[in-house]
Each structure stands twice: as structure tokens, then as C-alpha cells.
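Student: Structure: upload08.txt, compact mmCIF, N, CA and C atoms and all ligand atoms.
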```txt
# COMPACT_ATOMS: atom_id res chain seq x y z
N MET A 1 -0.03 31.05 -22.83
CA MET A 1 0.60 30.24 -23.87
C MET A 1 1.45 29.15 -23.24
N ILE A 2 1.42 28.00 -23.81
CA ILE A 2 2.18 26.86 -23.27
C ILE A 2 3.54 26.81 -23.94
N SER A 3 4.58 26.84 -23.12
CA SER A 3 5.92 26.77 -23.69
C SER A 3 6.39 25.33 -23.75
N PHE A 4 7.29 25.08 -24.68
CA PHE A 4 7.83 23.73 -24.77
C PHE A 4 8.65 23.43 -23.51
N GLY A 5 8.65 22.18 -23.13
CA GLY A 5 9.43 21.80 -21.96
C GLY A 5 8.62 21.83 -20.69
N THR A 6 7.39 22.31 -20.79
CA THR A 6 6.53 22.31 -19.62
C THR A 6 6.09 20.88 -19.33
N THR A 7 6.24 20.47 -18.10
CA THR A 7 5.82 19.10 -17.78
C THR A 7 4.32 19.08 -17.53
N LEU A 8 3.77 17.89 -17.61
CA LEU A 8 2.34 17.73 -17.36
C LEU A 8 2.00 18.21 -15.95
N LYS A 9 2.90 17.92 -15.00
CA LYS A 9 2.67 18.31 -13.62
C LYS A 9 2.58 19.84 -13.50
N ASP A 10 3.53 20.53 -14.17
CA ASP A 10 3.50 22.00 -14.16
C ASP A 10 2.19 22.51 -14.74
N LEU A 11 1.81 21.89 -15.85
CA LEU A 11 0.58 22.30 -16.52
C LEU A 11 -0.62 22.16 -15.60
N ILE A 12 -0.69 21.00 -14.95
CA ILE A 12 -1.82 20.73 -14.07
C ILE A 12 -1.85 21.75 -12.95
N GLU A 13 -0.66 22.03 -12.38
CA GLU A 13 -0.60 22.99 -11.28
C GLU A 13 -0.95 24.40 -11.75
N SER A 14 -0.40 24.79 -12.91
CA SER A 14 -0.62 26.16 -13.36
C SER A 14 -2.07 26.39 -13.76
N TYR A 15 -2.71 25.37 -14.25
CA TYR A 15 -4.10 25.53 -14.65
C TYR A 15 -5.07 25.10 -13.54
N ASN A 16 -4.48 24.64 -12.44
CA ASN A 16 -5.28 24.24 -11.28
C ASN A 16 -6.34 23.21 -11.65
N ILE A 17 -5.89 22.23 -12.44
CA ILE A 17 -6.81 21.18 -12.88
C ILE A 17 -6.95 20.14 -11.77
N GLU A 18 -8.17 19.83 -11.50
CA GLU A 18 -8.41 18.81 -10.48
C GLU A 18 -8.48 17.45 -11.16
N ILE A 19 -7.66 16.54 -10.67
CA ILE A 19 -7.72 15.20 -11.23
C ILE A 19 -8.63 14.36 -10.35
N LEU A 20 -9.69 13.91 -10.92
CA LEU A 20 -10.62 13.10 -10.16
C LEU A 20 -10.15 11.66 -10.18
N GLU A 21 -10.08 11.09 -9.03
CA GLU A 21 -9.62 9.71 -8.96
C GLU A 21 -10.75 8.77 -9.34
N GLU A 22 -10.44 7.87 -10.21
CA GLU A 22 -11.44 6.95 -10.72
C GLU A 22 -11.57 5.77 -9.77
N LEU A 23 -12.81 5.41 -9.43
CA LEU A 23 -13.00 4.23 -8.59
C LEU A 23 -13.17 3.01 -9.48
N ILE A 24 -12.30 2.05 -9.30
CA ILE A 24 -12.41 0.78 -9.99
C ILE A 24 -12.87 -0.23 -8.96
N ASP A 25 -14.15 -0.59 -9.02
CA ASP A 25 -14.67 -1.53 -8.03
C ASP A 25 -14.09 -2.90 -8.32
N ARG A 26 -14.31 -3.38 -9.53
CA ARG A 26 -13.71 -4.63 -9.95
C ARG A 26 -13.78 -4.71 -11.46
N ILE A 27 -12.63 -4.93 -12.07
CA ILE A 27 -12.59 -5.17 -13.51
C ILE A 27 -11.80 -6.45 -13.72
N THR A 28 -12.38 -7.39 -14.45
CA THR A 28 -11.67 -8.63 -14.74
C THR A 28 -10.87 -8.42 -16.02
N ILE A 29 -9.61 -8.83 -15.94
CA ILE A 29 -8.72 -8.54 -17.07
C ILE A 29 -8.19 -9.83 -17.68
N SER A 30 -7.89 -9.77 -18.93
CA SER A 30 -7.27 -10.93 -19.56
C SER A 30 -5.77 -10.89 -19.27
N GLN A 31 -5.16 -12.06 -19.27
CA GLN A 31 -3.75 -12.20 -18.92
C GLN A 31 -2.82 -11.23 -19.64
N ASN A 32 -3.09 -11.06 -20.92
CA ASN A 32 -2.14 -10.26 -21.69
C ASN A 32 -2.72 -8.90 -22.07
N SER A 33 -3.59 -8.40 -21.20
CA SER A 33 -4.15 -7.08 -21.46
C SER A 33 -3.06 -6.03 -21.42
N SER A 34 -3.02 -5.21 -22.43
CA SER A 34 -2.00 -4.17 -22.44
C SER A 34 -2.42 -2.99 -21.58
N ASP A 35 -3.64 -3.04 -21.03
CA ASP A 35 -4.09 -1.97 -20.14
C ASP A 35 -3.49 -2.09 -18.74
N LEU A 36 -2.98 -3.30 -18.42
CA LEU A 36 -2.38 -3.51 -17.10
C LEU A 36 -0.86 -3.44 -17.23
N ARG A 37 -0.26 -2.61 -16.40
CA ARG A 37 1.21 -2.49 -16.43
C ARG A 37 1.77 -2.78 -15.05
N ILE A 38 2.93 -3.42 -15.04
CA ILE A 38 3.65 -3.60 -13.79
C ILE A 38 4.71 -2.51 -13.73
N MET A 39 4.67 -1.71 -12.70
CA MET A 39 5.54 -0.55 -12.57
C MET A 39 6.90 -0.98 -12.01
N PRO A 40 7.91 -0.08 -12.10
CA PRO A 40 9.25 -0.46 -11.61
C PRO A 40 9.27 -0.91 -10.15
N ASP A 41 8.36 -0.39 -9.33
CA ASP A 41 8.34 -0.82 -7.92
C ASP A 41 7.48 -2.07 -7.71
N GLY A 42 7.00 -2.66 -8.82
CA GLY A 42 6.23 -3.90 -8.72
C GLY A 42 4.74 -3.72 -8.62
N THR A 43 4.28 -2.47 -8.37
CA THR A 43 2.85 -2.23 -8.24
C THR A 43 2.17 -2.26 -9.62
N PHE A 44 0.84 -2.33 -9.60
CA PHE A 44 0.07 -2.46 -10.84
C PHE A 44 -0.64 -1.16 -11.20
N GLU A 45 -0.68 -0.90 -12.48
CA GLU A 45 -1.50 0.21 -12.97
C GLU A 45 -2.42 -0.28 -14.06
N TYR A 46 -3.71 0.05 -13.92
CA TYR A 46 -4.68 -0.27 -14.95
C TYR A 46 -5.08 1.03 -15.61
N LYS A 47 -4.78 1.18 -16.88
CA LYS A 47 -5.05 2.42 -17.62
C LYS A 47 -4.56 3.64 -16.84
N GLY A 48 -3.39 3.51 -16.24
CA GLY A 48 -2.78 4.64 -15.55
C GLY A 48 -3.24 4.85 -14.12
N VAL A 49 -4.14 4.00 -13.63
CA VAL A 49 -4.63 4.12 -12.25
C VAL A 49 -4.03 2.98 -11.42
N LYS A 50 -3.49 3.32 -10.25
CA LYS A 50 -2.90 2.29 -9.41
C LYS A 50 -3.98 1.34 -8.90
N VAL A 51 -3.72 0.05 -9.01
CA VAL A 51 -4.72 -0.95 -8.61
C VAL A 51 -4.09 -2.09 -7.83
N LEU A 52 -4.96 -2.86 -7.17
CA LEU A 52 -4.59 -4.12 -6.55
C LEU A 52 -5.04 -5.23 -7.49
N TYR A 53 -4.48 -6.41 -7.29
CA TYR A 53 -4.68 -7.53 -8.20
C TYR A 53 -5.16 -8.72 -7.38
N TYR A 54 -6.28 -9.34 -7.77
CA TYR A 54 -6.79 -10.45 -6.97
C TYR A 54 -7.72 -11.34 -7.77
N ILE A 55 -7.92 -12.56 -7.26
CA ILE A 55 -8.90 -13.47 -7.85
C ILE A 55 -10.21 -13.25 -7.10
N ALA A 56 -11.24 -12.91 -7.81
CA ALA A 56 -12.48 -12.47 -7.17
C ALA A 56 -13.47 -13.60 -6.95
N LYS A 57 -12.98 -14.84 -6.96
CA LYS A 57 -13.89 -15.98 -6.80
C LYS A 57 -13.36 -16.94 -5.74
N ALA A 58 -14.27 -17.47 -4.91
CA ALA A 58 -13.90 -18.45 -3.90
C ALA A 58 -14.18 -19.85 -4.41
N PHE A 59 -13.43 -20.83 -3.87
CA PHE A 59 -13.69 -22.23 -4.19
C PHE A 59 -14.86 -22.76 -3.37
N TYR A 60 -15.16 -22.08 -2.26
CA TYR A 60 -16.16 -22.57 -1.32
C TYR A 60 -17.44 -21.75 -1.40
N THR A 61 -18.46 -22.28 -0.76
CA THR A 61 -19.66 -21.49 -0.56
C THR A 61 -19.40 -20.53 0.61
N LYS A 62 -20.21 -19.52 0.69
CA LYS A 62 -20.04 -18.57 1.79
C LYS A 62 -20.26 -19.25 3.13
N LYS A 63 -21.20 -20.20 3.15
CA LYS A 63 -21.53 -20.89 4.39
C LYS A 63 -20.33 -21.70 4.90
N ILE A 64 -19.62 -22.36 4.01
CA ILE A 64 -18.49 -23.19 4.43
C ILE A 64 -17.38 -22.32 5.02
N GLY A 65 -17.13 -21.22 4.38
CA GLY A 65 -16.06 -20.42 4.94
C GLY A 65 -15.89 -19.07 4.30
N ASP A 66 -16.09 -18.02 5.08
CA ASP A 66 -15.81 -16.69 4.56
C ASP A 66 -14.75 -16.00 5.44
N ALA A 67 -13.99 -16.81 6.19
CA ALA A 67 -12.90 -16.23 6.97
C ALA A 67 -11.84 -15.71 6.00
N PRO A 68 -11.45 -14.45 6.14
CA PRO A 68 -10.48 -13.89 5.20
C PRO A 68 -9.21 -14.72 5.08
N SER A 69 -8.83 -15.41 6.16
CA SER A 69 -7.59 -16.20 6.11
C SER A 69 -7.71 -17.38 5.15
N SER A 70 -8.94 -17.82 4.86
CA SER A 70 -9.08 -18.96 3.95
C SER A 70 -9.46 -18.54 2.54
N LEU A 71 -9.56 -17.25 2.31
CA LEU A 71 -9.94 -16.76 0.98
C LEU A 71 -8.72 -16.25 0.22
N ASN A 72 -8.93 -15.95 -1.05
CA ASN A 72 -7.83 -15.44 -1.86
C ASN A 72 -7.31 -14.13 -1.30
N LYS A 73 -6.02 -13.91 -1.48
CA LYS A 73 -5.40 -12.69 -0.98
C LYS A 73 -5.37 -11.63 -2.08
N VAL A 74 -5.24 -10.41 -1.64
CA VAL A 74 -5.12 -9.28 -2.56
C VAL A 74 -3.63 -8.96 -2.72
N HIS A 75 -3.22 -8.74 -3.96
CA HIS A 75 -1.80 -8.49 -4.22
C HIS A 75 -1.51 -7.02 -4.48
N LEU A 76 -0.49 -6.53 -3.80
CA LEU A 76 -0.05 -5.14 -3.98
C LEU A 76 0.92 -5.02 -5.13
N VAL A 77 1.73 -6.05 -5.26
CA VAL A 77 2.82 -6.03 -6.24
C VAL A 77 2.91 -7.37 -6.96
N TRP A 78 3.70 -7.39 -8.01
CA TRP A 78 3.99 -8.65 -8.70
C TRP A 78 4.94 -9.43 -7.79
N CYS A 79 4.37 -10.39 -7.04
CA CYS A 79 5.13 -11.05 -5.96
C CYS A 79 5.49 -12.49 -6.34
N ARG A 80 6.14 -13.16 -5.41
CA ARG A 80 6.58 -14.54 -5.61
C ARG A 80 5.39 -15.47 -5.86
N THR A 81 4.29 -15.25 -5.16
CA THR A 81 3.09 -16.07 -5.34
C THR A 81 2.61 -16.01 -6.79
N LEU A 82 2.53 -14.80 -7.32
CA LEU A 82 2.05 -14.63 -8.71
C LEU A 82 3.06 -15.22 -9.69
N GLU A 83 4.33 -15.04 -9.40
CA GLU A 83 5.40 -15.60 -10.25
C GLU A 83 5.27 -17.12 -10.29
N GLU A 84 5.04 -17.74 -9.12
CA GLU A 84 4.91 -19.20 -9.04
C GLU A 84 3.67 -19.68 -9.77
N GLN A 85 2.57 -18.94 -9.61
CA GLN A 85 1.33 -19.34 -10.29
C GLN A 85 1.50 -19.26 -11.80
N LYS A 86 2.21 -18.24 -12.23
CA LYS A 86 2.44 -18.09 -13.66
C LYS A 86 3.30 -19.24 -14.17
N ALA A 87 4.35 -19.58 -13.41
CA ALA A 87 5.26 -20.65 -13.81
C ALA A 87 4.55 -22.00 -13.88
N ARG A 88 3.60 -22.22 -12.96
CA ARG A 88 2.85 -23.48 -12.93
C ARG A 88 1.71 -23.50 -13.94
N GLY A 89 1.45 -22.36 -14.52
CA GLY A 89 0.34 -22.27 -15.48
C GLY A 89 -1.02 -22.34 -14.81
N THR A 90 -1.06 -22.04 -13.51
CA THR A 90 -2.33 -22.12 -12.79
C THR A 90 -2.94 -20.74 -12.59
N PHE A 91 -2.55 -19.86 -13.42
CA PHE A 91 -3.09 -18.52 -13.36
C PHE A 91 -4.57 -18.54 -13.66
N ALA A 92 -5.36 -18.16 -12.69
CA ALA A 92 -6.80 -18.10 -12.93
C ALA A 92 -7.14 -16.71 -13.43
N GLN A 93 -8.41 -16.42 -13.45
CA GLN A 93 -8.86 -15.12 -13.90
C GLN A 93 -8.62 -14.08 -12.80
N TYR A 94 -7.91 -13.07 -13.13
CA TYR A 94 -7.63 -12.03 -12.14
C TYR A 94 -8.47 -10.79 -12.39
N SER A 95 -8.69 -10.07 -11.30
CA SER A 95 -9.40 -8.81 -11.38
C SER A 95 -8.54 -7.72 -10.77
N VAL A 96 -8.86 -6.49 -11.09
CA VAL A 96 -8.17 -5.36 -10.47
C VAL A 96 -9.20 -4.46 -9.79
N THR A 97 -8.72 -3.75 -8.79
CA THR A 97 -9.60 -2.89 -8.00
C THR A 97 -8.75 -1.78 -7.40
N ASN A 98 -9.38 -0.66 -7.07
CA ASN A 98 -8.65 0.30 -6.24
C ASN A 98 -9.48 0.70 -5.01
N ARG A 99 -10.30 -0.24 -4.56
CA ARG A 99 -11.03 0.01 -3.32
C ARG A 99 -10.03 0.11 -2.17
N LYS A 100 -10.34 1.00 -1.23
CA LYS A 100 -9.35 1.32 -0.19
C LYS A 100 -9.80 0.93 1.22
N ASN A 101 -10.88 0.15 1.33
CA ASN A 101 -11.34 -0.17 2.69
C ASN A 101 -11.15 -1.63 3.07
N GLY A 102 -10.44 -2.39 2.23
CA GLY A 102 -10.13 -3.77 2.60
C GLY A 102 -11.22 -4.78 2.27
N THR A 103 -12.33 -4.30 1.66
CA THR A 103 -13.36 -5.23 1.20
C THR A 103 -13.45 -5.14 -0.32
N TYR A 104 -13.68 -6.29 -0.94
CA TYR A 104 -13.59 -6.39 -2.39
C TYR A 104 -14.74 -7.19 -2.96
N HIS A 105 -15.14 -6.81 -4.15
CA HIS A 105 -16.19 -7.51 -4.88
C HIS A 105 -15.76 -8.97 -5.04
N TYR A 106 -16.58 -9.89 -4.52
CA TYR A 106 -16.15 -11.28 -4.40
C TYR A 106 -17.32 -12.23 -4.61
N GLU A 107 -17.06 -13.32 -5.34
CA GLU A 107 -18.11 -14.29 -5.64
C GLU A 107 -17.82 -15.62 -4.94
N PHE A 108 -18.78 -16.08 -4.17
CA PHE A 108 -18.66 -17.41 -3.57
C PHE A 108 -19.24 -18.44 -4.51
N ASN A 109 -18.92 -19.71 -4.20
CA ASN A 109 -19.31 -20.83 -5.05
C ASN A 109 -20.81 -21.01 -5.17
N ASP A 110 -21.53 -20.56 -4.16
CA ASP A 110 -22.99 -20.71 -4.18
C ASP A 110 -23.70 -19.50 -4.78
N GLY A 111 -22.92 -18.66 -5.42
CA GLY A 111 -23.53 -17.53 -6.11
C GLY A 111 -23.65 -16.27 -5.27
N VAL A 112 -23.29 -16.36 -4.00
CA VAL A 112 -23.32 -15.16 -3.16
C VAL A 112 -22.23 -14.20 -3.66
N VAL A 113 -22.64 -12.98 -3.93
CA VAL A 113 -21.70 -11.96 -4.39
C VAL A 113 -21.79 -10.78 -3.44
N GLU A 114 -20.67 -10.37 -2.91
CA GLU A 114 -20.71 -9.23 -2.00
C GLU A 114 -19.33 -8.62 -1.88
N HIS A 115 -19.26 -7.53 -1.12
CA HIS A 115 -17.96 -6.96 -0.82
C HIS A 115 -17.42 -7.65 0.42
N GLN A 116 -16.46 -8.50 0.19
CA GLN A 116 -15.92 -9.38 1.21
C GLN A 116 -14.57 -8.85 1.70
N LYS A 117 -14.36 -8.97 3.00
CA LYS A 117 -13.04 -8.59 3.54
C LYS A 117 -12.00 -9.61 3.08
N LEU A 118 -10.94 -9.12 2.49
CA LEU A 118 -9.83 -9.98 2.07
C LEU A 118 -8.53 -9.44 2.66
N LEU A 119 -7.58 -10.32 2.86
CA LEU A 119 -6.29 -9.92 3.42
C LEU A 119 -5.28 -9.67 2.31
N VAL A 120 -4.26 -8.90 2.64
CA VAL A 120 -3.18 -8.65 1.69
C VAL A 120 -2.20 -9.81 1.75
N CYS A 121 -1.72 -10.21 0.60
CA CYS A 121 -0.73 -11.29 0.47
C CYS A 121 0.54 -10.95 1.28
N GLN A 122 0.99 -11.91 2.08
CA GLN A 122 2.17 -11.66 2.92
C GLN A 122 3.45 -11.56 2.10
N ASN A 123 3.50 -12.25 0.98
CA ASN A 123 4.68 -12.10 0.12
C ASN A 123 4.76 -10.68 -0.43
N CYS A 124 3.60 -10.11 -0.72
CA CYS A 124 3.57 -8.72 -1.20
C CYS A 124 4.05 -7.76 -0.11
N LEU A 125 3.57 -7.98 1.12
CA LEU A 125 3.97 -7.09 2.22
C LEU A 125 5.48 -7.18 2.44
N GLN A 126 5.99 -8.41 2.36
CA GLN A 126 7.43 -8.60 2.55
C GLN A 126 8.20 -7.88 1.43
N GLN A 127 7.74 -8.07 0.20
CA GLN A 127 8.46 -7.49 -0.94
C GLN A 127 8.40 -5.96 -0.93
N PHE A 128 7.22 -5.42 -0.59
CA PHE A 128 7.04 -3.97 -0.72
C PHE A 128 7.46 -3.21 0.53
N TYR A 129 7.17 -3.79 1.71
CA TYR A 129 7.46 -3.09 2.97
C TYR A 129 8.55 -3.78 3.79
N HIS A 130 9.03 -4.93 3.32
CA HIS A 130 10.01 -5.73 4.07
C HIS A 130 9.48 -6.11 5.43
N ASP A 131 8.18 -6.36 5.50
CA ASP A 131 7.54 -6.75 6.76
C ASP A 131 6.25 -7.52 6.43
N ARG A 132 6.29 -8.83 6.65
CA ARG A 132 5.15 -9.69 6.30
C ARG A 132 3.89 -9.36 7.10
N HIS A 133 4.07 -8.72 8.24
CA HIS A 133 2.92 -8.52 9.14
C HIS A 133 2.51 -7.05 9.24
N LYS A 134 3.02 -6.23 8.37
CA LYS A 134 2.69 -4.81 8.42
C LYS A 134 1.19 -4.61 8.17
N PRO A 135 0.50 -3.88 9.06
CA PRO A 135 -0.90 -3.55 8.77
C PRO A 135 -0.93 -2.58 7.58
N ILE A 136 -1.74 -2.88 6.60
CA ILE A 136 -1.72 -2.07 5.38
C ILE A 136 -2.52 -0.78 5.56
N ASP A 137 -1.91 0.31 5.17
CA ASP A 137 -2.57 1.62 5.15
C ASP A 137 -2.86 1.93 3.67
N TYR A 138 -4.12 1.72 3.27
CA TYR A 138 -4.46 1.83 1.85
C TYR A 138 -4.28 3.24 1.31
N GLU A 139 -4.64 4.23 2.11
CA GLU A 139 -4.49 5.62 1.63
C GLU A 139 -3.02 5.89 1.33
N GLU A 140 -2.17 5.48 2.24
CA GLU A 140 -0.74 5.69 2.07
C GLU A 140 -0.24 4.93 0.84
N PHE A 141 -0.69 3.68 0.69
CA PHE A 141 -0.24 2.86 -0.44
C PHE A 141 -0.66 3.49 -1.77
N PHE A 142 -1.93 3.92 -1.86
CA PHE A 142 -2.40 4.44 -3.14
C PHE A 142 -1.86 5.83 -3.44
N ASN A 143 -1.45 6.56 -2.42
CA ASN A 143 -0.95 7.91 -2.66
C ASN A 143 0.56 7.97 -2.87
N LYS A 144 1.20 6.82 -2.66
CA LYS A 144 2.64 6.73 -2.84
C LYS A 144 2.98 6.89 -4.33
N ASP A 145 3.97 7.67 -4.64
CA ASP A 145 4.35 7.86 -6.05
C ASP A 145 5.27 6.73 -6.52
ZN ZN A 201 1.31 -11.19 -3.49
```
For the structure just supplied, provide its representation as C-alpha cells.
Tutor:
Amino acid sequence: MISFGTTLKDLIESYNIEILEELIDRITISQNSSDLRIMPDGTFEYKGVKVLYYIAKAFYTKKIGDAPSSLNKVHLVWCRTLEEQKARGTFAQYSVTNRKNGTYHYEFNDGVVEHQKLLVCQNCLQQFYHDRHKPIDYEEFFNKD
């Protein structure tokens, strides 16, 4: 019998429920989607799943440039870059993902679509880890409460 005051965590532990982590390869979201939440630590949750936030389209063809340094960055948190883009009204279409290997569903201008290596935004690293050059450990980031 379930008593009042039992937390969800207790329930999950007592019933030994396995929570399967959902893989979000890429979902494009509208600006004011209520499914996306910014958490107190600045990170993003899509329908309760922790996600990264990025623009999944390049201005260039793959041939001209697929160097990660010249492509869009992936955002860990609601950072200064996103704040500035919002203020300028240059917010493009954003997507969310929870891929953990540093490659993301990405479209080049010439129609090439693939999982492209992208870098993490340095403003995000500074804001979240206080270190612009910290190598990102995705497992650690996604498992952080
Ligand atoms: Zn950022």
C-alpha cells in the first residue's frame, strides 16, 4: 500500500522501477514551446529530459567548411549568446538533443545531412563550469542532478 508523503523517488526505489532514458536525436522546437523548460541551474529540459540546445543548420555547404570551429555551437545552458540573440531578435530555429558523443544531427546548405561534430559554446562552459576551455564530459553533464 502506498502511504501519503511517499516521494516519487522512494516509490521508484521501493518498486525497483527502471527508468529508461529516452534518446532525443533531434527535435526542432518552436520558440514558445511549453515543452522546453529552463531549469534553475540554466540547463534545458524537454518534456522532463535534460537536453542540449542548438541550431541544426549550417550557412555553408559541407565542402566549404565542416570544421567544428566554424559551425554552430551546442548550448548547455541559457547563456549570454542566447540572451543576445533573443534581444536582437535573430533567434533562428533551435533544436534539442541529448546525444552524448559530441556529434549532432546537422544540415549543411547543400542538403548534406549527417551527424556532425559540434563544439560546446564557450559562454556556456564559462557559465556552468567557470572554465571556458573545460573539456566537456557528457555523461557527467547529463547525470548531474
Ligand atoms: Zn551557450
Student: Using only C-alpha atoms and all ligand atoms, determine which residues fall within 7 Å of ligand ZN 201 (chain A), then list them as a list in words.
Tutor: Val74, His75, Leu76, Val77, Trp78, Cys79, Arg80, Thr81, Leu82, Cys121, Gln122, Asn123 and Cys124 of chain A
Student: If we count all atoms listed in the file and set the cut-off at 8 Å, which residues sit around Leu71 in chain A, ignoring sequence neighbours fewer than 6 positions away in its own chain? Please answer as a list in words.
Tutor: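 After dropping sequence-adjacent residues, the list is Lys57, Ala58, Phe59, Gly65, Lys117, Leu118 and Leu119 of chain A.
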Student: Tell me which residues come within 8 Å of (-6.0, -0.7, -10.3), as an MDAnalysis selection string, counting all atoms listed in the file in the file's coordinates.
Tutor: chainID A and resid 24 44:53 95:99
Student: How many Å separate atom N of Tyr60 in chain A from atom C of Pro135 in chain A?
Tutor: 26.1 Å
Student: To one decimal in Å, tell me the separation between CA of Ala56 in chain A and atom N of Arg37 in chain A.
Tutor: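 According to the coordinates, CA of Ala56 in chain A and atom N of Arg37 in chain A are separated by 18.2 Å.
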Student: Using only C-alpha atoms, find the one residue out of A:Ile29, A:Ile64, A:Ala87, A:Ile38 that sits nearest to Asn109 in chain A.
Tutor: A:Ile64
Student: Using DSSP secondary structure from the backbone, list all alpha helix (DSSP H) positions within chain A, as an MDAnalysis selection string.
Tutor: chainID A and resid 8:15 80:88 122:129 138:143
Student: Counting only C-alpha atoms, figure out which residue out of A:Lys62, A:Asp137, A:Ser30, A:Asp25 gets nearest to Val113 in chain A.
Tutor: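 Closest candidate: A:Lys62.
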Student: Run DSSP on the backbone and tell me which residues of chain A come out as strand (DSSP E); list them as JSON, numbers by chain.
Tutor: {"A": [27, 28, 29, 36, 37, 38, 44, 45, 46, 49, 50, 51, 52, 53, 54, 94, 95, 96, 97, 103, 104, 105, 106, 107, 113, 114, 115, 116, 117]}
Student: Please, what distance in Å, to one decimal, runs between atom C of Asn101 in chain A and atom N of Asn72 in chain A?
Tutor: 15.1 Å
Student: Quick one: everything within 8 Å of His115 in chain A, counting all atoms listed in the file, minus sequence neighbours fewer than 6 positions away in the same chain. Send it as a CSV table (one decimal) with N, CA and C atoms, in the frame of the given file.
Tutor:
```
chain,number,residue,atom,x,y,z
A,102,GLY,N,-10.4,-2.4,2.2
A,102,GLY,CA,-10.1,-3.8,2.6
A,102,GLY,C,-11.2,-4.8,2.3
A,103,THR,N,-12.3,-4.3,1.7
A,103,THR,CA,-13.4,-5.2,1.2
A,103,THR,C,-13.4,-5.1,-0.3
A,104,TYR,N,-13.7,-6.3,-0.9
A,104,TYR,CA,-13.6,-6.4,-2.4
A,104,TYR,C,-14.7,-7.2,-3.0
A,105,HIS,N,-15.1,-6.8,-4.2
A,105,HIS,CA,-16.2,-7.5,-4.9
A,105,HIS,C,-15.8,-9.0,-5.0
A,106,TYR,N,-16.6,-9.9,-4.5
A,106,TYR,CA,-16.2,-11.3,-4.4
A,106,TYR,C,-17.3,-12.2,-4.6
A,107,GLU,N,-17.1,-13.3,-5.3
A,107,GLU,CA,-18.1,-14.3,-5.6
A,107,GLU,C,-17.8,-15.6,-4.9
```
Student: Of the candidates A:Ser33, A:Asp41, A:Lys100, A:Val120, which shows the shortest atom-to-atom distance to Lys73 in chain A, using all atoms listed in the file?
Tutor: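 Among the listed residues, the smallest separation from Lys73 in chain A belongs to A:Val120.
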